[in-house]
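J.: Structure file entry36.pdb, PDB, C-alpha atoms, is pasted below:
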```pdb
ATOM      1  CA  MET P 577      21.298   4.147  -1.879  1.00  0.00           C
ATOM      2  CA  LEU P 578      21.922   7.463  -0.193  1.00  0.00           C
ATOM      3  CA  PHE P 579      18.713   9.453  -0.391  1.00  0.00           C
ATOM      4  CA  ASP P 580      15.762  10.105   1.888  1.00  0.00           C
ATOM      5  CA  ASP P 581      12.909   7.738   2.688  1.00  0.00           C
ATOM      6  CA  THR P 582      10.385  10.297   1.397  1.00  0.00           C
ATOM      7  CA  TYR P 583      10.173  12.972  -1.284  1.00  0.00           C
ATOM      8  CA  PHE P 584       7.802  15.789  -2.205  1.00  0.00           C
ATOM      9  CA  SER P 585       5.971  16.393  -5.457  1.00  0.00           C
ATOM     10  CA  ILE P 586       2.706  17.999  -6.580  1.00  0.00           C
ATOM     11  CA  GLN P 587      -0.602  16.165  -6.533  1.00  0.00           C
ATOM     12  CA  GLN P 588      -1.985  17.340  -9.852  1.00  0.00           C
ATOM     13  CA  LYS P 589      -1.564  19.883 -12.632  1.00  0.00           C
ATOM     14  CA  SER P 590      -1.631  23.561 -11.661  1.00  0.00           C
ATOM     15  CA  GLU P 591      -1.235  26.810 -13.589  1.00  0.00           C
ATOM     16  CA  GLY P 592       0.336  30.180 -12.858  1.00  0.00           C
ATOM     17  CA  LEU P 593       0.371  33.531 -14.633  1.00  0.00           C
ATOM     18  CA  TYR P 594       2.626  36.580 -14.766  1.00  0.00           C
ATOM     19  CA  LYS P 595       2.297  39.666 -16.996  1.00  0.00           C
ATOM     20  CA  ASP P 596       4.840  42.368 -17.739  1.00  0.00           C
ATOM     21  CA  LYS P 597       4.855  45.112 -20.431  1.00  0.00           C
ATOM     22  CA  GLY P 598       2.326  43.281 -22.585  1.00  0.00           C
ATOM     23  CA  SER P 599       4.062  39.896 -22.412  1.00  0.00           C
ATOM     24  CA  LYS P 600       2.098  37.076 -20.832  1.00  0.00           C
ATOM     25  CA  PHE P 601       3.826  34.145 -19.099  1.00  0.00           C
ATOM     26  CA  ILE P 602       1.619  31.093 -18.516  1.00  0.00           C
ATOM     27  CA  ALA P 603       3.135  28.417 -16.267  1.00  0.00           C
ATOM     28  CA  CYS P 604       1.961  24.824 -16.210  1.00  0.00           C
ATOM     29  CA  ALA P 605       3.254  22.548 -13.428  1.00  0.00           C
ATOM     30  CA  CYS P 606       2.661  18.801 -13.869  1.00  0.00           C
ATOM     31  CA  PRO P 607       3.522  15.705 -11.819  1.00  0.00           C
ATOM     32  CA  VAL P 608       5.640  13.347 -13.959  1.00  0.00           C
ATOM     33  CA  LYS P 609       7.687  10.183 -13.542  1.00  0.00           C
ATOM     34  CA  THR P 610       9.369   9.594 -16.904  1.00  0.00           C
ATOM     35  CA  GLU P 611      11.099  11.581 -19.628  1.00  0.00           C
ATOM     36  CA  LYS P 612       8.550  10.242 -22.127  1.00  0.00           C
ATOM     37  CA  GLU P 613       5.745  11.866 -20.099  1.00  0.00           C
ATOM     38  CA  ILE P 614       7.728  15.109 -20.171  1.00  0.00           C
ATOM     39  CA  LYS P 615       8.165  15.011 -23.962  1.00  0.00           C
ATOM     40  CA  ASP P 616       4.451  14.290 -24.452  1.00  0.00           C
ATOM     41  CA  ILE P 617       3.358  17.190 -22.200  1.00  0.00           C
ATOM     42  CA  ILE P 618       5.730  19.661 -23.865  1.00  0.00           C
ATOM     43  CA  ALA P 619       4.514  18.561 -27.318  1.00  0.00           C
ATOM     44  CA  PHE P 620       0.893  18.980 -26.198  1.00  0.00           C
ATOM     45  CA  LEU P 621       1.520  22.467 -24.785  1.00  0.00           C
ATOM     46  CA  LYS P 622       3.315  23.541 -27.975  1.00  0.00           C
ATOM     47  CA  LYS P 623       0.234  22.529 -29.936  1.00  0.00           C
ATOM     48  CA  GLU P 624      -2.149  24.146 -27.454  1.00  0.00           C
ATOM     49  CA  HIS P 625      -0.128  27.388 -27.403  1.00  0.00           C
ATOM     50  CA  HIS P 626       1.067  27.308 -31.030  1.00  0.00           C
ATOM     51  CA  GLY P 627       0.928  31.108 -31.197  1.00  0.00           C
ATOM     52  CA  ALA P 628       3.389  31.563 -28.329  1.00  0.00           C
ATOM     53  CA  ARG P 629       6.975  32.588 -29.067  1.00  0.00           C
ATOM     54  CA  HIS P 630       8.675  30.493 -26.347  1.00  0.00           C
ATOM     55  CA  HIS P 631       7.925  27.273 -24.441  1.00  0.00           C
ATOM     56  CA  CYS P 632      10.594  27.191 -21.723  1.00  0.00           C
ATOM     57  CA  TYR P 633      10.767  24.441 -19.117  1.00  0.00           C
ATOM     58  CA  ALA P 634      12.581  22.672 -16.309  1.00  0.00           C
ATOM     59  CA  TYR P 635      12.082  19.309 -14.665  1.00  0.00           C
ATOM     60  CA  ARG P 636      13.485  17.060 -11.957  1.00  0.00           C
ATOM     61  CA  LEU P 637      12.962  13.305 -11.657  1.00  0.00           C
ATOM     62  CA  GLY P 638      13.612  10.522  -9.154  1.00  0.00           C
ATOM     63  CA  ALA P 639      13.637  10.130  -5.412  1.00  0.00           C
ATOM     64  CA  ASP P 640      17.380  10.915  -5.460  1.00  0.00           C
ATOM     65  CA  LYS P 641      16.646  14.162  -7.425  1.00  0.00           C
ATOM     66  CA  GLN P 642      19.689  13.580  -9.632  1.00  0.00           C
ATOM     67  CA  THR P 643      17.923  13.764 -13.007  1.00  0.00           C
ATOM     68  CA  TYR P 644      17.096  17.330 -13.994  1.00  0.00           C
ATOM     69  CA  ARG P 645      17.198  19.670 -16.957  1.00  0.00           C
ATOM     70  CA  SER P 646      16.265  23.199 -17.964  1.00  0.00           C
ATOM     71  CA  ASN P 647      15.637  24.679 -21.420  1.00  0.00           C
ATOM     72  CA  ASP P 648      15.489  28.343 -22.497  1.00  0.00           C
ATOM     73  CA  ASP P 649      13.809  27.624 -25.866  1.00  0.00           C
ATOM     74  CA  GLY P 650      15.320  30.612 -27.635  1.00  0.00           C
ATOM     75  CA  GLU P 651      15.377  33.062 -24.732  1.00  0.00           C
ATOM     76  CA  PRO P 652      18.813  34.465 -23.729  1.00  0.00           C
ATOM     77  CA  SER P 653      20.935  31.848 -21.942  1.00  0.00           C
ATOM     78  CA  ASN P 654      19.877  31.109 -18.331  1.00  0.00           C
ATOM     79  CA  THR P 655      17.019  33.627 -18.312  1.00  0.00           C
ATOM     80  CA  ALA P 656      14.157  31.100 -18.428  1.00  0.00           C
ATOM     81  CA  GLY P 657      14.918  27.434 -17.726  1.00  0.00           C
ATOM     82  CA  LYS P 658      17.298  28.136 -14.848  1.00  0.00           C
ATOM     83  CA  PRO P 659      14.906  30.366 -12.833  1.00  0.00           C
ATOM     84  CA  ILE P 660      12.115  27.811 -13.400  1.00  0.00           C
ATOM     85  CA  LEU P 661      14.386  25.034 -12.102  1.00  0.00           C
ATOM     86  CA  GLY P 662      15.311  27.285  -9.180  1.00  0.00           C
ATOM     87  CA  GLN P 663      11.670  27.329  -8.068  1.00  0.00           C
ATOM     88  CA  ILE P 664      11.509  23.518  -8.184  1.00  0.00           C
ATOM     89  CA  GLN P 665      14.671  23.320  -6.093  1.00  0.00           C
ATOM     90  CA  SER P 666      13.522  25.972  -3.624  1.00  0.00           C
ATOM     91  CA  LYS P 667      10.472  23.828  -2.783  1.00  0.00           C
ATOM     92  CA  ASP P 668      12.629  20.649  -2.739  1.00  0.00           C
ATOM     93  CA  LEU P 669      10.332  18.983  -5.280  1.00  0.00           C
ATOM     94  CA  THR P 670      10.933  16.106  -7.673  1.00  0.00           C
ATOM     95  CA  ASN P 671       8.952  14.161 -10.277  1.00  0.00           C
ATOM     96  CA  ILE P 672       7.755  17.500 -11.589  1.00  0.00           C
ATOM     97  CA  LEU P 673       7.805  19.436 -14.852  1.00  0.00           C
ATOM     98  CA  ILE P 674       7.120  23.172 -15.179  1.00  0.00           C
ATOM     99  CA  VAL P 675       6.610  24.670 -18.627  1.00  0.00           C
ATOM    100  CA  VAL P 676       6.288  28.450 -18.968  1.00  0.00           C
ATOM    101  CA  VAL P 677       4.741  29.628 -22.232  1.00  0.00           C
ATOM    102  CA  ARG P 678       5.493  33.223 -23.275  1.00  0.00           C
ATOM    103  CA  TYR P 679       3.318  35.354 -25.488  1.00  0.00           C
ATOM    104  CA  PHE P 680       5.480  38.314 -26.516  1.00  0.00           C
ATOM    105  CA  GLY P 681       3.952  41.733 -25.932  1.00  0.00           C
ATOM    106  CA  GLY P 682       6.226  43.744 -28.196  1.00  0.00           C
ATOM    107  CA  THR P 683       8.494  45.260 -25.514  1.00  0.00           C
ATOM    108  CA  LEU P 684      11.837  43.691 -24.585  1.00  0.00           C
ATOM    109  CA  LEU P 685      12.159  42.958 -20.868  1.00  0.00           C
ATOM    110  CA  GLY P 686      15.935  42.620 -20.627  1.00  0.00           C
ATOM    111  CA  VAL P 687      17.832  39.844 -18.870  1.00  0.00           C
ATOM    112  CA  SER P 688      16.724  40.716 -15.322  1.00  0.00           C
ATOM    113  CA  GLY P 689      13.131  41.226 -16.457  1.00  0.00           C
ATOM    114  CA  LEU P 690      13.033  37.809 -18.124  1.00  0.00           C
ATOM    115  CA  ILE P 691      14.556  36.040 -15.118  1.00  0.00           C
ATOM    116  CA  ASN P 692      11.995  37.691 -12.853  1.00  0.00           C
ATOM    117  CA  ALA P 693       9.083  36.866 -15.168  1.00  0.00           C
ATOM    118  CA  TYR P 694       9.885  33.161 -15.563  1.00  0.00           C
ATOM    119  CA  LYS P 695      10.640  32.842 -11.869  1.00  0.00           C
ATOM    120  CA  LEU P 696       7.366  34.475 -10.759  1.00  0.00           C
ATOM    121  CA  ALA P 697       5.231  32.569 -13.272  1.00  0.00           C
ATOM    122  CA  ALA P 698       6.674  29.261 -12.036  1.00  0.00           C
ATOM    123  CA  ALA P 699       6.307  30.383  -8.407  1.00  0.00           C
ATOM    124  CA  ASP P 700       2.627  31.209  -8.992  1.00  0.00           C
ATOM    125  CA  ALA P 701       1.967  27.721 -10.402  1.00  0.00           C
ATOM    126  CA  LEU P 702       3.639  26.111  -7.375  1.00  0.00           C
ATOM    127  CA  HIS P 703       1.765  28.416  -4.981  1.00  0.00           C
ATOM    128  CA  LYS P 704      -1.500  27.110  -6.425  1.00  0.00           C
ATOM    129  CA  ALA P 705      -0.376  23.466  -6.403  1.00  0.00           C
ATOM    130  CA  THR P 706      -1.029  20.906  -3.678  1.00  0.00           C
ATOM    131  CA  ILE P 707       2.324  19.547  -2.484  1.00  0.00           C
ATOM    132  CA  VAL P 708       2.257  15.927  -1.302  1.00  0.00           C
ATOM    133  CA  GLU P 709       4.745  13.656   0.428  1.00  0.00           C
ATOM    134  CA  HIS P 710       5.535  10.249  -1.110  1.00  0.00           C
ATOM    135  CA  HIS P 711       7.326   7.286   0.408  1.00  0.00           C
ATOM    136  CA  VAL P 712      10.253   5.873  -1.542  1.00  0.00           C
ATOM    137  CA  LEU P 713       9.428   2.243  -2.339  1.00  0.00           C
ATOM    138  CA  PHE P 714      11.738  -0.564  -3.434  1.00  0.00           C
ATOM    139  CA  GLU P 715      10.357  -3.321  -5.643  1.00  0.00           C
ATOM    140  CA  TYR P 716      11.450  -6.912  -5.002  1.00  0.00           C
ATOM    141  CA  GLU P 717      10.651 -10.337  -6.370  1.00  0.00           C
ATOM    142  CA  ILE P 718      10.801 -13.282  -3.999  1.00  0.00           C
ATOM    143  CA  THR P 719      10.788 -16.924  -5.177  1.00  0.00           C
ATOM    144  CA  PHE P 720      10.225 -19.897  -2.897  1.00  0.00           C
ATOM    145  CA  GLY P 721       8.796 -23.409  -2.615  1.00  0.00           C
ATOM    146  CA  PHE P 722       5.080 -23.931  -2.017  1.00  0.00           C
ATOM    147  CA  GLU P 723       5.798 -25.435   1.419  1.00  0.00           C
ATOM    148  CA  GLN P 724       7.251 -22.076   2.514  1.00  0.00           C
ATOM    149  CA  MET P 725       4.083 -20.149   1.631  1.00  0.00           C
ATOM    150  CA  ASN P 726       2.810 -19.512   5.174  1.00  0.00           C
ATOM    151  CA  GLU P 727       6.185 -18.341   6.450  1.00  0.00           C
ATOM    152  CA  VAL P 728       6.679 -15.966   3.514  1.00  0.00           C
ATOM    153  CA  MET P 729       3.157 -14.507   3.650  1.00  0.00           C
ATOM    154  CA  LYS P 730       3.453 -13.955   7.410  1.00  0.00           C
ATOM    155  CA  LEU P 731       6.731 -12.051   6.953  1.00  0.00           C
ATOM    156  CA  LEU P 732       5.340  -9.864   4.169  1.00  0.00           C
ATOM    157  CA  LYS P 733       2.222  -9.046   6.172  1.00  0.00           C
ATOM    158  CA  GLU P 734       4.177  -8.171   9.331  1.00  0.00           C
ATOM    159  CA  ASN P 735       6.297  -5.692   7.360  1.00  0.00           C
ATOM    160  CA  ASN P 736       3.384  -4.049   5.486  1.00  0.00           C
ATOM    161  CA  CYS P 737       4.683  -5.161   2.108  1.00  0.00           C
ATOM    162  CA  LYS P 738       2.362  -4.333  -0.782  1.00  0.00           C
ATOM    163  CA  ILE P 739       2.005  -7.346  -3.077  1.00  0.00           C
ATOM    164  CA  THR P 740       1.697  -6.306  -6.744  1.00  0.00           C
ATOM    165  CA  ALA P 741       1.943  -9.695  -8.489  1.00  0.00           C
ATOM    166  CA  GLN P 742       1.982 -13.338  -7.435  1.00  0.00           C
ATOM    167  CA  GLN P 743       2.216 -16.808  -8.938  1.00  0.00           C
ATOM    168  CA  PHE P 744       1.631 -19.961  -6.918  1.00  0.00           C
ATOM    169  CA  ASP P 745       2.848 -23.340  -8.198  1.00  0.00           C
ATOM    170  CA  ASN P 746       5.498 -25.802  -7.087  1.00  0.00           C
ATOM    171  CA  ASN P 747       7.821 -22.819  -7.432  1.00  0.00           C
ATOM    172  CA  CYS P 748       6.096 -19.646  -6.225  1.00  0.00           C
ATOM    173  CA  SER P 749       6.951 -16.015  -6.839  1.00  0.00           C
ATOM    174  CA  ILE P 750       5.680 -12.756  -5.356  1.00  0.00           C
ATOM    175  CA  THR P 751       6.494  -9.217  -6.449  1.00  0.00           C
ATOM    176  CA  PHE P 752       6.091  -6.631  -3.715  1.00  0.00           C
ATOM    177  CA  HIS P 753       6.856  -3.033  -2.762  1.00  0.00           C
ATOM    178  CA  LEU P 754       8.558  -2.099   0.483  1.00  0.00           C
ATOM    179  CA  ARG P 755       9.300   1.276   2.030  1.00  0.00           C
ATOM    180  CA  LYS P 756      12.990   2.153   1.718  1.00  0.00           C
ATOM    181  CA  GLY P 757      13.483   2.742   5.440  1.00  0.00           C
ATOM    182  CA  VAL P 758      12.805  -0.905   6.379  1.00  0.00           C
ATOM    183  CA  THR P 759      14.408  -2.692   3.429  1.00  0.00           C
ATOM    184  CA  GLU P 760      17.599  -3.681   5.270  1.00  0.00           C
ATOM    185  CA  LYS P 761      15.648  -5.271   8.124  1.00  0.00           C
ATOM    186  CA  VAL P 762      13.331  -7.212   5.801  1.00  0.00           C
ATOM    187  CA  GLU P 763      16.189  -8.378   3.572  1.00  0.00           C
ATOM    188  CA  GLN P 764      17.924  -9.846   6.640  1.00  0.00           C
ATOM    189  CA  GLN P 765      14.736 -11.614   7.753  1.00  0.00           C
ATOM    190  CA  ILE P 766      14.209 -13.135   4.300  1.00  0.00           C
ATOM    191  CA  GLN P 767      17.813 -14.280   4.029  1.00  0.00           C
ATOM    192  CA  GLN P 768      17.373 -16.270   7.236  1.00  0.00           C
ATOM    193  CA  ILE P 769      14.723 -18.452   5.578  1.00  0.00           C
ATOM    194  CA  LYS P 770      16.440 -21.333   3.776  1.00  0.00           C
ATOM    195  CA  GLY P 771      15.719 -21.856   0.090  1.00  0.00           C
ATOM    196  CA  ILE P 772      14.272 -18.405  -0.605  1.00  0.00           C
ATOM    197  CA  LYS P 773      15.644 -16.193  -3.390  1.00  0.00           C
ATOM    198  CA  LEU P 774      15.220 -12.408  -3.225  1.00  0.00           C
ATOM    199  CA  ASN P 775      15.831 -10.099  -6.202  1.00  0.00           C
ATOM    200  CA  PHE P 776      15.833  -6.305  -6.095  1.00  0.00           C
ATOM    201  CA  ARG P 777      14.062  -4.911  -9.185  1.00  0.00           C
ATOM    202  CA  ALA P 778      13.562  -1.144  -9.011  1.00  0.00           C
ATOM    203  CA  VAL P 779      13.045   2.035  -7.011  1.00  0.00           C
ATOM    204  CA  ILE P 780       9.421   3.196  -7.312  1.00  0.00           C
TER     205      ILE P 780
END
```
Show me this structure written as structure tokens.

T.:
Amino acid sequence: MLFDDTYFSIQQKSEGLYKDKGSKFIACACPVKTEKEIKDIIAFLKKEHHGARHHCYAYRLGADKQTYRSNDDGEPSNTAGKPILGQIQSKDLTNILIVVVRYFGGTLLGVSGLINAYKLAAADALHKATIVEHHVLFEYEITFGFEQMNEVMKLLKENNCKITAQQFDNNCSITFHLRKGVTEKVEQQIQQIKGIKLNFRAVI
């Protein structure tokens, strides 16, 4: 999988504000991991700001940064969602949603004015956010015989694997997370132990 061993996101929710000619643009940046989270946050903000004319947004998901979308919510095409997404991309962030709520002030801003407003509102939210680095983790499940317990546990410990679930019986299984950068090495080590089965499950 061709993407970096780490990625950047924001630590917690942050807000930004931009005003122009009576219009108020309130930006809300949130860390997210799923599209369901995104839908829930947008629905909540629409309720919270039910008097606003527009609720424009952009998001990007995944360590590979390949899932993204922007929405103008009734503003002229590419004047809202695209400049918000541009701020996410300029900071090289992922697993993030930015919603910019607009309260109309009665004066039209024009295309360039709208682009500037949505861009600066999103930028203000990111300026106030704490940006954090995350390691890309792969989730595996390993199954083995009880007699191989010591050998397996030693290998997992040596490679700083984080065990998230385990079941010990005649046939044992352990689910663990491993940093992407060392997965190839650990896979080779595990494959050298006879009778062990390793299954890749997900990117975390």

J.: Given 3 Å of margin on each side, can you work out the centre and size in Å (one decimal) of an axis-aligned box holding every listed atom of stretch 718-736 of chain P, as lines of an AutoDock Vina configuration file?

T.:
```
center_x = 6.5
center_y = -14.7
center_z = 2.1
size_x = 14.6
size_y = 27.4
size_z = 20.5
```

J.: Given only C-alpha atoms as the basis, pick out the residue of P:Leu696, P:Ile707, P:Leu754, P:Leu637 nearest to P:Ala656.

T.: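 When distances to P:Ala656 are compared using only C-alpha atoms, the smallest one comes from P:Leu696.
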
J.: Report, in Å with one decimal, the straight-line distance from atom CA of P:Ala639 to atom CA of P:Ile586.

T.: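 Interatomic distance, atom CA of P:Ala639 to atom CA of P:Ile586: 13.5 Å.
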
J.: Determine, for each residue of stretch 657-776 of chain P having at least one atom at most 7 Å from an atom of stretch 644-651 of chain P, the closest pair of atoms and their separation in Å to one decimal, counting only C-alpha atoms; order by chain and ascending number, as JSON lines.

T.:
```
{"residue": "P:Gly657", "atom": "CA", "partner": "P:Ser646", "partner_atom": "CA", "distance": 4.5}
{"residue": "P:Lys658", "atom": "CA", "partner": "P:Ser646", "partner_atom": "CA", "distance": 5.9}
{"residue": "P:Leu661", "atom": "CA", "partner": "P:Ser646", "partner_atom": "CA", "distance": 6.4}
```

J.: Counting only C-alpha atoms, which residue out of P:Ala634, P:Ile664, P:Val675, P:Ile602 sits closest to P:Ala619?

T.: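 Among P:Ala634, P:Ile664, P:Val675, P:Ile602, it is P:Val675 that comes nearest to P:Ala619.
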
J.: For the atom pair atom CA of P:Ile769 and atom CA of P:Leu713, what is the interatomic distance in Å to one decimal place?

T.: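 We find that atom CA of P:Ile769 and atom CA of P:Leu713 lie 22.8 Å from each other.
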
J.: Select, counting all atoms listed in the file, all protein, DNA and RNA residues no farther than 10 Å from (8.4, 10.7, 1.8) in file coordinates, and express the selection as a list of chain:residue names.

T.: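 Residues found, by chain and rising number: P:Asp580, P:Asp581, P:Thr582, P:Tyr583, P:Phe584, P:Ser585, P:Ala639, P:Val708, P:Glu709, P:His710, P:His711, P:Val712, P:Leu713, P:Arg755, P:Lys756.
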
J.: Suppose we keep C-alpha atoms; can you now write the selection as a short mmCIF file (atom, residue, chain, number, x, y, z; two decimals), in the coordinates of the input?

T.:
```cif
data_model
loop_
_atom_site.label_atom_id
_atom_site.label_comp_id
_atom_site.auth_asym_id
_atom_site.auth_seq_id
_atom_site.Cartn_x
_atom_site.Cartn_y
_atom_site.Cartn_z
CA ASP P 580 15.76 10.10 1.89
CA ASP P 581 12.91 7.74 2.69
CA THR P 582 10.38 10.30 1.40
CA TYR P 583 10.17 12.97 -1.28
CA PHE P 584 7.80 15.79 -2.20
CA SER P 585 5.97 16.39 -5.46
CA ALA P 639 13.64 10.13 -5.41
CA VAL P 708 2.26 15.93 -1.30
CA GLU P 709 4.74 13.66 0.43
CA HIS P 710 5.54 10.25 -1.11
CA HIS P 711 7.33 7.29 0.41
CA VAL P 712 10.25 5.87 -1.54
CA LEU P 713 9.43 2.24 -2.34
CA ARG P 755 9.30 1.28 2.03
CA LYS P 756 12.99 2.15 1.72
#
```

J.: How would stretch 701-773 of chain P of the given structure read as a file with C-alpha atoms, as a PDB file, in the first residue's frame?

T.:
```pdb
ATOM      1  CA  ALA P 701     -10.339  27.247  12.360  1.00  0.00           C
ATOM      2  CA  LEU P 702      -7.167  25.375  11.366  1.00  0.00           C
ATOM      3  CA  HIS P 703      -4.960  28.132  12.810  1.00  0.00           C
ATOM      4  CA  LYS P 704      -6.657  27.602  16.172  1.00  0.00           C
ATOM      5  CA  ALA P 705      -6.503  23.798  15.963  1.00  0.00           C
ATOM      6  CA  THR P 706      -3.816  21.552  17.424  1.00  0.00           C
ATOM      7  CA  ILE P 707      -2.334  19.466  14.600  1.00  0.00           C
ATOM      8  CA  VAL P 708      -1.124  16.005  15.629  1.00  0.00           C
ATOM      9  CA  GLU P 709       0.830  13.257  13.904  1.00  0.00           C
ATOM     10  CA  HIS P 710      -0.602   9.716  13.840  1.00  0.00           C
ATOM     11  CA  HIS P 711       1.089   6.457  12.939  1.00  0.00           C
ATOM     12  CA  VAL P 712      -0.597   4.328  10.296  1.00  0.00           C
ATOM     13  CA  LEU P 713      -1.422   0.978  11.906  1.00  0.00           C
ATOM     14  CA  PHE P 714      -2.293  -2.332  10.262  1.00  0.00           C
ATOM     15  CA  GLU P 715      -4.580  -4.744  12.090  1.00  0.00           C
ATOM     16  CA  TYR P 716      -3.814  -8.471  11.948  1.00  0.00           C
ATOM     17  CA  GLU P 717      -5.208 -11.644  13.439  1.00  0.00           C
ATOM     18  CA  ILE P 718      -2.801 -14.468  14.188  1.00  0.00           C
ATOM     19  CA  THR P 719      -3.939 -18.035  14.986  1.00  0.00           C
ATOM     20  CA  PHE P 720      -1.683 -20.717  16.424  1.00  0.00           C
ATOM     21  CA  GLY P 721      -1.484 -23.775  18.674  1.00  0.00           C
ATOM     22  CA  PHE P 722      -1.190 -23.375  22.442  1.00  0.00           C
ATOM     23  CA  GLU P 723       2.309 -24.903  22.376  1.00  0.00           C
ATOM     24  CA  GLN P 724       3.486 -21.958  20.248  1.00  0.00           C
ATOM     25  CA  MET P 725       2.323 -19.356  22.779  1.00  0.00           C
ATOM     26  CA  ASN P 726       5.741 -18.328  24.133  1.00  0.00           C
ATOM     27  CA  GLU P 727       7.281 -17.961  20.686  1.00  0.00           C
ATOM     28  CA  VAL P 728       4.371 -15.861  19.407  1.00  0.00           C
ATOM     29  CA  MET P 729       4.200 -13.599  22.474  1.00  0.00           C
ATOM     30  CA  LYS P 730       7.966 -13.022  22.348  1.00  0.00           C
ATOM     31  CA  LEU P 731       7.762 -11.971  18.682  1.00  0.00           C
ATOM     32  CA  LEU P 732       4.850  -9.600  19.284  1.00  0.00           C
ATOM     33  CA  LYS P 733       6.579  -8.000  22.260  1.00  0.00           C
ATOM     34  CA  GLU P 734       9.880  -7.523  20.404  1.00  0.00           C
ATOM     35  CA  ASN P 735       8.066  -5.684  17.602  1.00  0.00           C
ATOM     36  CA  ASN P 736       5.941  -3.449  19.879  1.00  0.00           C
ATOM     37  CA  CYS P 737       2.693  -4.940  18.626  1.00  0.00           C
ATOM     38  CA  LYS P 738      -0.388  -3.667  20.447  1.00  0.00           C
ATOM     39  CA  ILE P 739      -2.673  -6.576  21.339  1.00  0.00           C
ATOM     40  CA  THR P 740      -6.363  -5.602  21.101  1.00  0.00           C
ATOM     41  CA  ALA P 741      -8.047  -9.002  21.543  1.00  0.00           C
ATOM     42  CA  GLN P 742      -6.956 -12.516  22.465  1.00  0.00           C
ATOM     43  CA  GLN P 743      -8.398 -15.984  22.957  1.00  0.00           C
ATOM     44  CA  PHE P 744      -6.401 -18.844  24.440  1.00  0.00           C
ATOM     45  CA  ASP P 745      -7.541 -22.452  23.976  1.00  0.00           C
ATOM     46  CA  ASN P 746      -6.189 -25.443  22.093  1.00  0.00           C
ATOM     47  CA  ASN P 747      -6.371 -23.114  19.100  1.00  0.00           C
ATOM     48  CA  CYS P 748      -5.344 -19.585  20.098  1.00  0.00           C
ATOM     49  CA  SER P 749      -5.923 -16.284  18.348  1.00  0.00           C
ATOM     50  CA  ILE P 750      -4.583 -12.773  18.910  1.00  0.00           C
ATOM     51  CA  THR P 751      -5.642  -9.565  17.185  1.00  0.00           C
ATOM     52  CA  PHE P 752      -2.978  -6.877  17.164  1.00  0.00           C
ATOM     53  CA  HIS P 753      -2.002  -3.540  15.633  1.00  0.00           C
ATOM     54  CA  LEU P 754       1.364  -2.944  14.014  1.00  0.00           C
ATOM     55  CA  ARG P 755       2.931   0.201  12.604  1.00  0.00           C
ATOM     56  CA  LYS P 756       2.918   0.160   8.798  1.00  0.00           C
ATOM     57  CA  GLY P 757       6.660   0.725   8.469  1.00  0.00           C
ATOM     58  CA  VAL P 758       7.578  -2.624  10.076  1.00  0.00           C
ATOM     59  CA  THR P 759       4.790  -4.830   8.726  1.00  0.00           C
ATOM     60  CA  GLU P 760       6.899  -6.498   6.021  1.00  0.00           C
ATOM     61  CA  LYS P 761       9.597  -7.489   8.513  1.00  0.00           C
ATOM     62  CA  VAL P 762       7.111  -8.888  11.041  1.00  0.00           C
ATOM     63  CA  GLU P 763       5.139 -10.770   8.384  1.00  0.00           C
ATOM     64  CA  GLN P 764       8.354 -12.518   7.298  1.00  0.00           C
ATOM     65  CA  GLN P 765       9.218 -13.438  10.894  1.00  0.00           C
ATOM     66  CA  ILE P 766       5.750 -14.892  11.502  1.00  0.00           C
ATOM     67  CA  GLN P 767       5.790 -16.873   8.270  1.00  0.00           C
ATOM     68  CA  GLN P 768       8.970 -18.603   9.425  1.00  0.00           C
ATOM     69  CA  ILE P 769       7.120 -20.136  12.385  1.00  0.00           C
ATOM     70  CA  LYS P 770       5.497 -23.397  11.277  1.00  0.00           C
ATOM     71  CA  GLY P 771       1.769 -23.843  11.814  1.00  0.00           C
ATOM     72  CA  ILE P 772       0.921 -20.168  12.328  1.00  0.00           C
ATOM     73  CA  LYS P 773      -1.763 -18.433  10.251  1.00  0.00           C
TER      74      LYS P 773
END
```
